[in-house]
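Engineer: Got a structure here, written out as structure tokens. Questions coming.
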Amino acid sequence: MTLFDAPSSLPGVWDDPELMLVRQWWLDADPDGERFARVLRGTIDQLLDGEHTGRFDWNELHKTEKTHAGTLVEINLLREFNLASGIDMDYLIEGIEVDCKFSQKLYGWMIPPEALDEICLVVWADDHAGQWSAGLLRANRAKLTTSNNITKKGNRDGKFQLTRAHRSLVCWIWERQPLEENLLLHIDKETQAAILAAGSDSRRSAGQARVCELFRRVQKRRVSRTVVRTLAQQKDYMKRVRGAGGARDKLRAEGILICGDYPNHQAVARQLELPVPQEGENVSVRVAEAKPHHEGRPRVFLDGRYWVAASNEDPVELAPLLPDTRKTASG
């Protein structure tokens, strides 16, 4: 939808030329919202700081950290989209001042007095719901209500928020889009507990034990480097996945392959009809040597034999080696 074919069902929104120009700028810069979504995922992970804290749940953040989320979203969007800073507001888009407001509660944005009558980029993301939205709002003083957020000392914060009756004034750019999955948050509680408890008797090797338990229990699903970082809690966290002592070696005796984002690993995942790991991702699967009763199952040729994704009935056997990922002398 462009500025010229927008519906007229919401007077005061679609007939705001500046708002429509800003909306079109975002759609031109990021048609399907992939870059915007990546910024939100990265910002939440930045706040959780799993490498140093082991956290993966927004509810574990301190109040001050949650308050800081809005500033980080504003800065990270500015960097990702190379936006110019406004004179009075956060951004200058198509010569128009735009303020950025983030809330983890939908419609929970607080508008400061200085942003009244300006255009606001209103952003919502909920890691538990796995969704995000971003839209534009002309902060019309007559259509906002003063906040009832009063401190114990009786000081009013002076900010404004949308009334329930005027929530339709938000002009969505992207609405209720999927947020990249926070795997540790969304796996079942039994699996989550088993992964976190792994290696609890040995602090030195706990990170490696947790990473191994992850790939042992969570198979045929893409696992991001953020998940590995949170469980390993060390600087060279991907060492806990790779060969030479990492999970890829340690789980081989259990018949488990861990395909990384290397092209030849991606080819293995594709032939087994697994989710194909993208940049920074890994996918594990237990395999079995192909037998006559596996006829018709997707298979891959490794170590001179054909292999299929194992079922519960297949016995555990040593997994084949994955293709070498080292570059040859010719590159």
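Within each chain, counting starts at residue 1; across the structure tokens, chains are named A, B, ... in the order shown, with ligands numbered 1 upward in that order.
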Taking the DSSP secondary structure from the backbone, can you list the residues of stretch 69-277 of chain A that are strand (DSSP E), as a ChimeraX atom specification?

Structural biologist: /A:84-85,91-93,96-103,119-126,131-138,144-146,160-162,171-178,223-224,256-259

Engineer: Atoms to include: C-alpha atoms. Write the selected residues as a PDB file, in the first residue's frame.

Structural biologist:
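Listed below is the output, selection-v4.pdb:
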ATOM      1  CA  ALA A  84      19.653  11.234  10.909  1.00  0.00           C
ATOM      2  CA  SER A  85      19.023  12.562  14.397  1.00  0.00           C
ATOM      3  CA  TYR A  91      14.973  10.985  14.097  1.00  0.00           C
ATOM      4  CA  LEU A  92      14.660  13.165  11.015  1.00  0.00           C
ATOM      5  CA  ILE A  93      12.926  11.170   8.247  1.00  0.00           C
ATOM      6  CA  ILE A  96      10.091  15.266   9.356  1.00  0.00           C
ATOM      7  CA  GLU A  97      10.804  15.018  13.093  1.00  0.00           C
ATOM      8  CA  VAL A  98       9.943  11.576  14.487  1.00  0.00           C
ATOM      9  CA  ASP A  99      10.140  10.401  18.107  1.00  0.00           C
ATOM     10  CA  CYS A 100      10.710   6.729  18.949  1.00  0.00           C
ATOM     11  CA  LYS A 101       8.735   5.047  21.720  1.00  0.00           C
ATOM     12  CA  PHE A 102       9.068   1.411  22.813  1.00  0.00           C
ATOM     13  CA  SER A 103       6.914  -0.628  25.179  1.00  0.00           C
ATOM     14  CA  ILE A 119       4.858  11.940  14.814  1.00  0.00           C
ATOM     15  CA  CYS A 120       5.871   9.026  17.048  1.00  0.00           C
ATOM     16  CA  LEU A 121       7.259   5.692  15.879  1.00  0.00           C
ATOM     17  CA  VAL A 122       5.566   3.359  18.381  1.00  0.00           C
ATOM     18  CA  VAL A 123       7.190  -0.049  18.806  1.00  0.00           C
ATOM     19  CA  TRP A 124       6.026  -3.113  20.736  1.00  0.00           C
ATOM     20  CA  ALA A 125       7.798  -6.427  21.261  1.00  0.00           C
ATOM     21  CA  ASP A 126       6.894  -9.271  23.605  1.00  0.00           C
ATOM     22  CA  GLN A 131       5.528 -11.062  18.382  1.00  0.00           C
ATOM     23  CA  TRP A 132       6.309  -7.443  17.563  1.00  0.00           C
ATOM     24  CA  SER A 133       4.602  -4.461  15.942  1.00  0.00           C
ATOM     25  CA  ALA A 134       5.643  -1.014  14.786  1.00  0.00           C
ATOM     26  CA  GLY A 135       3.437   1.854  13.701  1.00  0.00           C
ATOM     27  CA  LEU A 136       3.107   5.616  13.562  1.00  0.00           C
ATOM     28  CA  LEU A 137       1.045   7.931  15.702  1.00  0.00           C
ATOM     29  CA  ARG A 138       0.411  11.657  15.516  1.00  0.00           C
ATOM     30  CA  LEU A 144      -4.318  11.380  24.529  1.00  0.00           C
ATOM     31  CA  THR A 145      -4.908  11.138  28.243  1.00  0.00           C
ATOM     32  CA  THR A 146      -2.581  12.243  30.997  1.00  0.00           C
ATOM     33  CA  PHE A 160       0.497  11.148  28.048  1.00  0.00           C
ATOM     34  CA  GLN A 161      -0.863   7.857  26.717  1.00  0.00           C
ATOM     35  CA  LEU A 162      -3.487   6.713  24.246  1.00  0.00           C
ATOM     36  CA  CYS A 171      -1.173   3.576  11.714  1.00  0.00           C
ATOM     37  CA  TRP A 172       0.565   0.198  11.647  1.00  0.00           C
ATOM     38  CA  ILE A 173       3.574  -0.359   9.417  1.00  0.00           C
ATOM     39  CA  TRP A 174       3.998  -3.966  10.574  1.00  0.00           C
ATOM     40  CA  GLU A 175       1.481  -5.506  12.944  1.00  0.00           C
ATOM     41  CA  ARG A 176       1.907  -8.624  15.097  1.00  0.00           C
ATOM     42  CA  GLN A 177       4.862  -9.988  13.180  1.00  0.00           C
ATOM     43  CA  PRO A 178       6.778 -13.041  14.477  1.00  0.00           C
ATOM     44  CA  VAL A 223      19.625 -23.112  17.573  1.00  0.00           C
ATOM     45  CA  SER A 224      21.076 -19.605  17.457  1.00  0.00           C
ATOM     46  CA  ILE A 256      24.009 -37.203  16.964  1.00  0.00           C
ATOM     47  CA  LEU A 257      25.110 -34.903  14.156  1.00  0.00           C
ATOM     48  CA  ILE A 258      25.299 -31.150  14.689  1.00  0.00           C
ATOM     49  CA  CYS A 259      25.091 -29.298  11.377  1.00  0.00           C
TER      50      CYS A 259
END

Engineer: Might you pull out every residue within 10 Å of stretch 280-290 of chain A, with only C-alpha atoms counted and same-chain residues fewer than 5 positions away left off, and present them as number ranges by chain?

Structural biologist: A: 214-228, 238, 241, 248, 251-252, 254-262, 265-266, 269, 272, 274-275, 295, 297-302, 305-312, 314-320

Engineer: Per DSSP on the backbone, what are the helix (DSSP H, G or I) residues of stretch 163-238 of chain A, as a PyMOL selection string?

Structural biologist: chain A and resi 164-169+183-186+189-197+203-217+225-232+237-238

Engineer: Give me, please, the distance in Å between atom CA of A:Gly246 and atom CA of A:Ala206, quoted to one decimal.

Structural biologist: 12.6 Å

Engineer: Could you name the residues that touch A:Asp45 at 12 Å or less, counting only C-alpha atoms, but leaving out those on the same chain fewer than 6 positions away, as a list of chain:residue names?

Structural biologist: A:Arg38, A:Val39, A:Glu51, A:His52, A:Thr53, A:Gly54, A:Arg55, A:Phe56, A:Asp57, A:Trp58, A:Leu61, A:Glu65, A:Ala69, A:Leu72, A:Val73, A:Asp127, A:Glu180, A:Glu181, A:Asn182, A:Leu183, A:Ser224, A:Arg225, A:Thr226, A:Val227, A:Arg229, A:Thr230

Engineer: Calculate how many Å separate atom CA of A:Lys143 from atom CA of A:Leu169, rounding to one decimal.

Structural biologist: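 Separating atom CA of A:Lys143 from atom CA of A:Leu169 is a distance of 8.9 Å.
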
Engineer: Using only C-alpha atoms for the distances, tell me which of A:Leu77, A:Asp88, A:Ala142, A:Lys235 is nearest to A:Asp30.

Structural biologist: A:Leu77

Engineer: Nearest residue to A:Arg35 out of A:His293, A:His62, A:Arg79, A:Arg23, using only C-alpha atoms?

Structural biologist: A:Arg79
